[in-house]
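Next comes my_file-v6.tsv, with TSV, C-alpha atoms.
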```tsv
chain	number	residue	atom	x	y	z
A	1	PRO	CA	125.41	101.42	104.16
A	2	PRO	CA	121.65	100.79	104.22
A	3	ASP	CA	119.54	101.44	107.29
A	4	ASP	CA	117.57	98.26	108.06
A	5	ARG	CA	114.84	100.34	109.69
A	6	TRP	CA	113.77	101.46	106.21
A	7	THR	CA	113.89	98.16	104.34
A	8	PRO	CA	110.36	98.13	102.83
A	9	SER	CA	109.02	95.38	105.07
A	10	VAL	CA	107.19	95.17	108.36
A	11	TYR	CA	109.95	92.85	109.60
A	12	PHE	CA	112.53	95.64	109.36
A	13	GLN	CA	110.80	99.02	109.33
A	14	GLN	CA	110.68	100.87	112.63
A	15	PRO	CA	108.59	104.01	112.07
A	16	ALA	CA	108.50	104.67	115.81
A	17	THR	CA	112.22	105.51	115.67
A	18	CYS	CA	111.72	108.32	113.14
A	19	PRO	CA	112.42	111.62	114.97
A	20	SER	CA	109.50	113.43	113.29
A	21	MET	CA	107.00	110.98	114.82
A	22	ARG	CA	107.51	112.57	118.21
A	23	LYS	CA	107.00	116.16	117.09
A	24	ASP	CA	104.40	115.96	114.29
A	25	ASP	CA	100.68	116.16	115.05
A	26	VAL	CA	99.86	113.53	112.43
A	27	SER	CA	101.84	110.56	111.10
A	28	VAL	CA	100.89	108.35	108.15
A	29	ILE	CA	102.37	104.91	107.51
A	30	GLY	CA	101.65	102.12	105.05
A	31	ILE	CA	103.47	98.78	105.13
A	32	ALA	CA	102.02	95.88	103.16
A	33	ALA	CA	102.84	95.64	99.44
A	34	TRP	CA	106.38	94.31	99.77
A	35	ASP	CA	105.42	91.87	102.52
A	36	MET	CA	102.98	90.06	100.27
A	37	SER	CA	105.64	89.50	97.61
A	38	GLN	CA	109.34	90.28	98.04
A	39	TYR	CA	109.39	89.70	101.81
A	40	TYR	CA	106.52	87.21	102.09
A	41	ARG	CA	106.76	84.97	105.18
A	42	GLY	CA	103.09	84.13	105.55
A	43	VAL	CA	100.00	86.10	106.55
A	44	LYS	CA	99.92	85.29	110.26
A	45	PRO	CA	103.57	86.34	110.91
A	46	TYR	CA	102.81	89.60	109.08
A	47	LEU	CA	99.78	90.24	111.28
A	48	PHE	CA	101.64	89.62	114.53
A	49	ARG	CA	104.59	91.80	113.51
A	50	MET	CA	102.29	94.56	112.22
A	51	LYS	CA	100.52	94.76	115.56
A	52	GLN	CA	103.86	95.35	117.26
A	53	VAL	CA	104.89	98.02	114.75
A	54	LEU	CA	101.54	99.84	115.09
A	55	ARG	CA	101.59	99.62	118.88
A	56	GLU	CA	105.05	101.21	119.03
A	57	ALA	CA	104.23	103.87	116.44
A	58	ALA	CA	100.93	104.88	118.06
A	59	ALA	CA	102.71	105.30	121.40
A	60	THR	CA	105.18	107.67	119.76
A	61	THR	CA	102.95	110.05	117.77
A	62	LYS	CA	99.84	112.10	118.54
A	63	SER	CA	97.68	110.70	115.75
A	64	LEU	CA	98.56	107.72	113.54
A	65	TYR	CA	96.87	107.07	110.20
A	66	VAL	CA	97.48	103.69	108.58
A	67	MET	CA	97.09	103.37	104.82
A	68	GLN	CA	95.22	100.24	103.78
A	69	LEU	CA	96.61	98.24	100.86
A	70	HIS	CA	95.36	99.56	97.53
A	71	LYS	CA	94.36	97.56	94.46
A	72	THR	CA	97.13	95.63	92.69
A	73	PHE	CA	97.20	94.45	89.07
A	74	PRO	CA	99.61	91.51	88.63
A	75	GLU	CA	98.89	91.30	84.91
A	76	LYS	CA	100.38	94.78	84.57
A	77	CYS	CA	103.71	93.87	86.21
A	78	VAL	CA	106.67	94.99	84.12
A	79	ARG	CA	110.11	93.39	83.87
A	80	LYS	CA	112.23	96.48	84.43
A	81	GLN	CA	115.65	94.82	84.07
A	82	ASN	CA	116.67	91.87	81.91
A	83	THR	CA	118.83	90.40	84.68
A	84	THR	CA	118.44	87.47	87.03
A	85	GLU	CA	117.25	89.80	89.77
A	86	GLY	CA	114.96	91.67	87.38
A	87	ARG	CA	113.33	88.47	86.17
A	88	HIS	CA	112.94	87.26	89.76
A	89	HIS	CA	111.16	90.45	90.82
A	90	TRP	CA	108.91	90.29	87.76
A	91	GLU	CA	107.88	86.71	88.58
A	92	LEU	CA	107.17	87.63	92.21
A	93	CYS	CA	105.10	90.60	91.09
A	94	ARG	CA	102.93	88.40	88.88
A	95	ARG	CA	102.54	85.55	91.38
A	96	CYS	CA	102.08	87.44	94.63
A	97	ASN	CA	99.74	90.33	93.87
A	98	GLY	CA	96.49	88.70	92.79
A	99	ASP	CA	93.10	89.44	94.34
A	100	GLU	CA	93.33	86.50	96.75
A	101	MET	CA	96.64	87.66	98.21
A	102	ASN	CA	95.59	91.30	98.20
A	103	GLY	CA	92.36	90.47	100.01
A	104	VAL	CA	93.94	88.41	102.76
A	105	PHE	CA	96.62	91.05	103.45
A	106	ARG	CA	93.96	93.76	103.59
A	107	ARG	CA	92.11	91.63	106.13
A	108	ALA	CA	95.30	91.13	108.13
A	109	LEU	CA	96.12	94.84	108.17
A	110	ALA	CA	92.57	95.81	109.19
A	111	THR	CA	92.69	93.18	111.93
A	112	ALA	CA	96.03	94.49	113.22
A	113	VAL	CA	94.63	98.02	113.50
A	114	ALA	CA	91.47	96.78	115.23
A	115	CYS	CA	93.43	94.66	117.72
A	116	VAL	CA	95.68	97.54	118.72
A	117	ARG	CA	92.83	100.05	118.88
A	118	ASP	CA	90.05	98.01	120.50
A	119	ASN	CA	91.80	95.35	122.59
A	120	GLU	CA	94.60	97.57	123.85
A	121	GLY	CA	92.67	100.82	124.13
A	122	ILE	CA	94.98	102.82	121.85
A	123	ASP	CA	92.51	105.26	120.33
A	124	ASN	CA	94.83	107.48	118.27
A	125	ILE	CA	95.20	104.96	115.42
A	126	HIS	CA	92.98	105.14	112.34
A	127	LEU	CA	92.72	103.16	109.10
A	128	ILE	CA	92.40	104.96	105.75
A	129	ASP	CA	91.33	102.98	102.69
A	130	SER	CA	91.91	104.17	99.10
A	131	TYR	CA	90.97	100.86	97.46
A	132	ASN	CA	87.93	102.25	95.61
A	133	VAL	CA	90.09	105.01	94.17
A	134	THR	CA	92.52	102.50	92.70
A	135	ASP	CA	90.07	99.74	91.68
A	136	THR	CA	89.09	101.41	88.42
A	137	VAL	CA	89.91	101.01	84.74
A	138	PHE	CA	91.42	104.50	84.78
A	139	ALA	CA	93.73	103.70	87.71
A	140	GLU	CA	94.72	100.38	86.12
A	141	SER	CA	95.77	102.20	82.96
A	142	LEU	CA	98.17	104.27	85.07
A	143	SER	CA	99.62	101.34	87.05
A	144	ASP	CA	102.73	99.18	86.67
A	145	GLY	CA	101.06	96.47	88.71
A	146	LEU	CA	101.99	97.78	92.16
A	147	HIS	CA	102.42	101.53	91.81
A	148	PHE	CA	100.40	104.32	90.26
A	149	ASP	CA	101.44	107.47	88.46
A	150	LYS	CA	101.23	110.94	90.00
A	151	VAL	CA	97.58	111.48	89.01
A	152	VAL	CA	96.24	108.54	91.02
A	153	THR	CA	98.75	109.11	93.80
A	154	ALA	CA	97.57	112.71	94.11
A	155	VAL	CA	93.99	111.51	94.62
A	156	GLU	CA	95.16	109.12	97.34
A	157	ALA	CA	97.07	111.97	98.99
A	158	GLU	CA	93.96	114.17	98.88
A	159	LEU	CA	92.00	111.39	100.58
A	160	ILE	CA	94.53	111.33	103.41
A	161	LEU	CA	94.49	115.12	103.77
A	162	GLN	CA	90.70	115.25	103.89
A	163	ALA	CA	90.57	112.50	106.49
A	164	VAL	CA	93.11	114.27	108.68
A	165	CYS	CA	91.64	117.75	108.28
A	166	ARG	CA	88.08	116.59	108.92
A	167	GLY	CA	89.11	114.53	111.91
A	168	VAL	CA	87.96	111.26	110.36
A	169	ARG	CA	88.40	108.38	112.76
A	170	ALA	CA	88.86	104.65	112.29
A	171	GLU	CA	87.04	102.98	109.42
A	172	GLU	CA	85.57	100.02	111.23
A	173	ASP	CA	85.16	97.85	108.15
A	174	ALA	CA	87.98	99.11	105.95
A	175	GLY	CA	89.30	96.17	104.01
A	176	GLY	CA	86.79	93.83	105.65
A	177	GLY	CA	87.28	92.21	109.01
A	178	GLY	CA	87.97	95.36	111.00
A	179	PHE	CA	87.71	93.45	114.25
A	180	CYS	CA	90.10	91.59	116.53
A	181	PRO	CA	89.31	87.86	116.66
A	182	VAL	CA	90.08	85.50	119.49
A	183	GLU	CA	93.68	84.39	119.03
A	184	GLY	CA	92.83	80.70	118.72
A	185	ASN	CA	90.24	81.40	116.02
A	186	LEU	CA	92.60	83.39	113.84
A	187	ASP	CA	93.10	81.64	110.50
A	188	LEU	CA	93.59	83.81	107.44
A	189	GLU	CA	95.14	81.28	105.07
A	190	THR	CA	93.15	78.02	105.15
A	191	GLY	CA	91.23	77.46	101.93
A	192	ARG	CA	92.99	80.25	100.07
A	193	VAL	CA	95.23	79.78	97.04
A	194	LEU	CA	98.28	81.89	97.84
A	195	ASN	CA	100.89	81.19	95.17
A	196	CYS	CA	103.65	83.38	96.54
A	197	PRO	CA	106.85	81.54	97.53
A	198	MET	CA	107.90	81.91	101.16
A	199	ARG	CA	110.94	84.05	101.78
A	200	SER	CA	113.55	82.78	104.23
A	201	GLN	CA	115.43	84.84	106.76
A	202	VAL	CA	118.66	83.77	105.07
A	203	THR	CA	117.45	85.51	101.91
A	204	ASP	CA	116.62	88.58	103.98
A	205	TYR	CA	120.16	88.57	105.33
A	206	TRP	CA	121.75	88.57	101.90
A	207	GLU	CA	119.32	91.15	100.56
A	208	ARG	CA	120.75	93.59	103.09
A	209	LYS	CA	124.30	92.23	103.19
A	210	LYS	CA	124.89	92.64	99.46
A	211	TRP	CA	124.90	96.44	99.77
A	212	HIS	CA	128.10	96.14	101.77
A	213	ILE	CA	129.91	93.81	99.36
A	214	MET	CA	128.60	94.93	95.95
A	215	GLY	CA	131.45	95.00	93.48
A	216	THR	CA	133.79	92.88	95.61
A	217	GLU	CA	134.36	89.24	96.36
A	218	PHE	CA	133.93	87.98	99.89
A	219	ASN	CA	134.17	84.80	101.90
A	220	GLU	CA	133.14	85.06	105.48
A	221	GLY	CA	131.30	83.19	108.18
A	222	VAL	CA	127.97	84.56	109.32
A	223	GLU	CA	125.46	83.61	111.97
A	224	VAL	CA	121.88	83.21	110.80
A	225	ASP	CA	119.03	81.98	113.01
A	226	GLY	CA	121.42	80.96	115.74
A	227	ARG	CA	123.66	78.78	113.61
A	228	PHE	CA	127.02	79.45	112.00
A	229	ASP	CA	127.26	79.04	108.26
A	230	GLU	CA	129.51	80.12	105.47
A	231	GLY	CA	128.57	82.18	102.45
A	232	HIS	CA	130.51	82.98	99.34
A	233	GLY	CA	129.61	85.61	96.79
A	234	GLU	CA	131.12	86.72	93.53
A	235	ILE	CA	130.37	88.92	90.58
A	236	LEU	CA	129.09	86.92	87.61
A	237	GLY	CA	128.55	88.88	84.41
A	238	GLY	CA	127.94	92.05	86.33
A	239	GLU	CA	125.37	90.45	88.63
A	240	LEU	CA	125.83	89.47	92.25
A	241	ASP	CA	125.25	85.78	92.94
A	242	PHE	CA	125.37	83.86	96.20
A	243	HIS	CA	126.54	80.31	96.85
A	244	GLY	CA	127.44	78.06	99.70
A	245	TRP	CA	124.31	77.82	101.86
A	246	ARG	CA	123.74	74.34	103.27
```
Structure re-expressed in C-alpha cells:
Amino acid sequence: PPDDRWTPSVYFQQPATCPSMRKDDVSVIGIAAWDMSQYYRGVKPYLFRMKQVLREAAATTKSLYVMQLHKTFPEKCVRKQNTTEGRHHWELCRRCNGDEMNGVFRRALATAVACVRDNEGIDNIHLIDSYNVTDTVFAESLSDGLHFDKVVTAVEAELILQAVCRGVRAEEDAGGGGFCPVEGNLDLETGRVLNCPMRSQVTDYWERKKWHIMGTEFNEGVEVDGRFDEGHGEILGGELDFHGWR
C-alpha cells in the first residue's frame, strides 16, 4: 500500500519523519510542482501548509536547503497515456504550469521560507534557486514541460552541492518576495489569472484509495471531511472510474 507521507504534495509529505533527517548534516527538499497542478487547492493554503512542513523539517535536521520551483514549460507538456487519466494529467499540465502560476508559487515558497527563518528565528533553513539554469532555450529543449533530462538535472544538482559545500546561506530575494508579510496583508492571488481547477479533498481521498482497490470492485462507506458518504468504483475498459459522490 502507498505511504501517504510521500504523496508528491505539501498536504501529504512529511519530510520530518524521514529517519535520515535526524542523522544527516544536510537535508534538501523541494515541494511545489505538483501542488500547483495535480493537487492545487489555492496559493494561500499551500503557503500556510508549507510553513508547517518547513518548521517541522528544520527542527529535525542540522541544515535544511529548500529548492525553489524551477522554470516550467506548459507548451511542452506531453500526453503520456491515451487514457482518461492520461488526458486529464495532460490538460492539467498545460493549464496549471504557465508563468503566472509558476511566479505566484515561487513567491509563496520564498515567503514560507522567510516567515519560518525570520519571524520564528529558525536560522538553519536556506532557499536555493535554480530558475536561471532552467529558463533557457537549451533547458526547454530537454524538458517535458515539468521535468528535465539528466543533463539539466545534473547542473541543478551541482548548484546544490556548491551551495552546501561553500556554506551558502539564505537567498533573501530568491523567487521574489523573500520576506514575511503581515498576515492580514497577505494576498497572492488577487488580480492574477490562475486557470488551474481547484482540487477537492474527496479527489485526494480517491487518488490514494485507488491503490488499495485497483483491479477489484468495491462498495463501501467512507468518511470525508466529517461526513459519511458512499462511493462505488468499477473497472471500465481497463481504467478505474469512480461514481456515487453526492
Report, in Å to a single decimal, how far apart atom CA of A:Pro8 and atom CA of A:Lys51 are.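 Between atom CA of A:Lys51 and atom CA of A:Pro8 the gap is 16.4 Å.
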Determine, counting only C-alpha atoms, which protein, DNA and RNA residues have an atom within 6 Å of an atom of stretch 29-39 of chain A; residues of the same chain fewer than 4 positions away are not included. Present the result as JSON, numbers by chain. {"A": [9, 66, 67, 92, 96, 199]}
Between atom CA of A:Lys62 and atom CA of A:Asp129, measure the distance and give it in Å to one decimal.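 Atom CA of A:Asp129 lies at a distance of 20.2 Å from atom CA of A:Lys62.
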With distances taken over only C-alpha atoms, which of A:Val152, A:Leu127, A:Met198, A:Val137 is nearest to A:Val43? A:Met198
Kindly give the distance, in Å, that separates atom CA of A:Val193 and atom CA of A:Arg107, rounded to a single decimal.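 Computing it gives 15.3 Å between the two atoms.
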May I have the residues within 12 Å of A:Asn132 as a PyMOL selection string, using only C-alpha atoms and disregarding those fewer than 4 positions away in the same chain? chain A and resi 68-72+128+136-140+152+155-156+159+174-175
Pick from A:Cys196, A:Val78, A:Met101, A:Cys165, whichever lies nearest to A:Tyr40 using all atoms listed in the file: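 Smallest separation from A:Tyr40 among the options: A:Cys196.
Proximity ranking of A:Glu100, A:Asp118, A:Asp144, A:Asp149 relative to A:Glu189 places A:Glu100 first, based on all atoms listed in the file.
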Neighbour list for A:Val26 as a compact mmCIF listing (two decimals) with C-alpha atoms, keeping the file's coordinate frame, cut-off 8 Å, only C-alpha atoms, skip fewer than 2 positions in-chain:
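This is the output file result-v3.txt:
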```
# COMPACT_ATOMS: atom_id res chain seq x y z
CA MET A 21 107.00 110.98 114.82
CA ASP A 24 104.40 115.96 114.29
CA VAL A 28 100.89 108.35 108.15
CA THR A 61 102.95 110.05 117.77
CA LYS A 62 99.84 112.10 118.54
CA SER A 63 97.68 110.70 115.75
CA LEU A 64 98.56 107.72 113.54
CA TYR A 65 96.87 107.07 110.20
CA VAL A 164 93.11 114.27 108.68
```
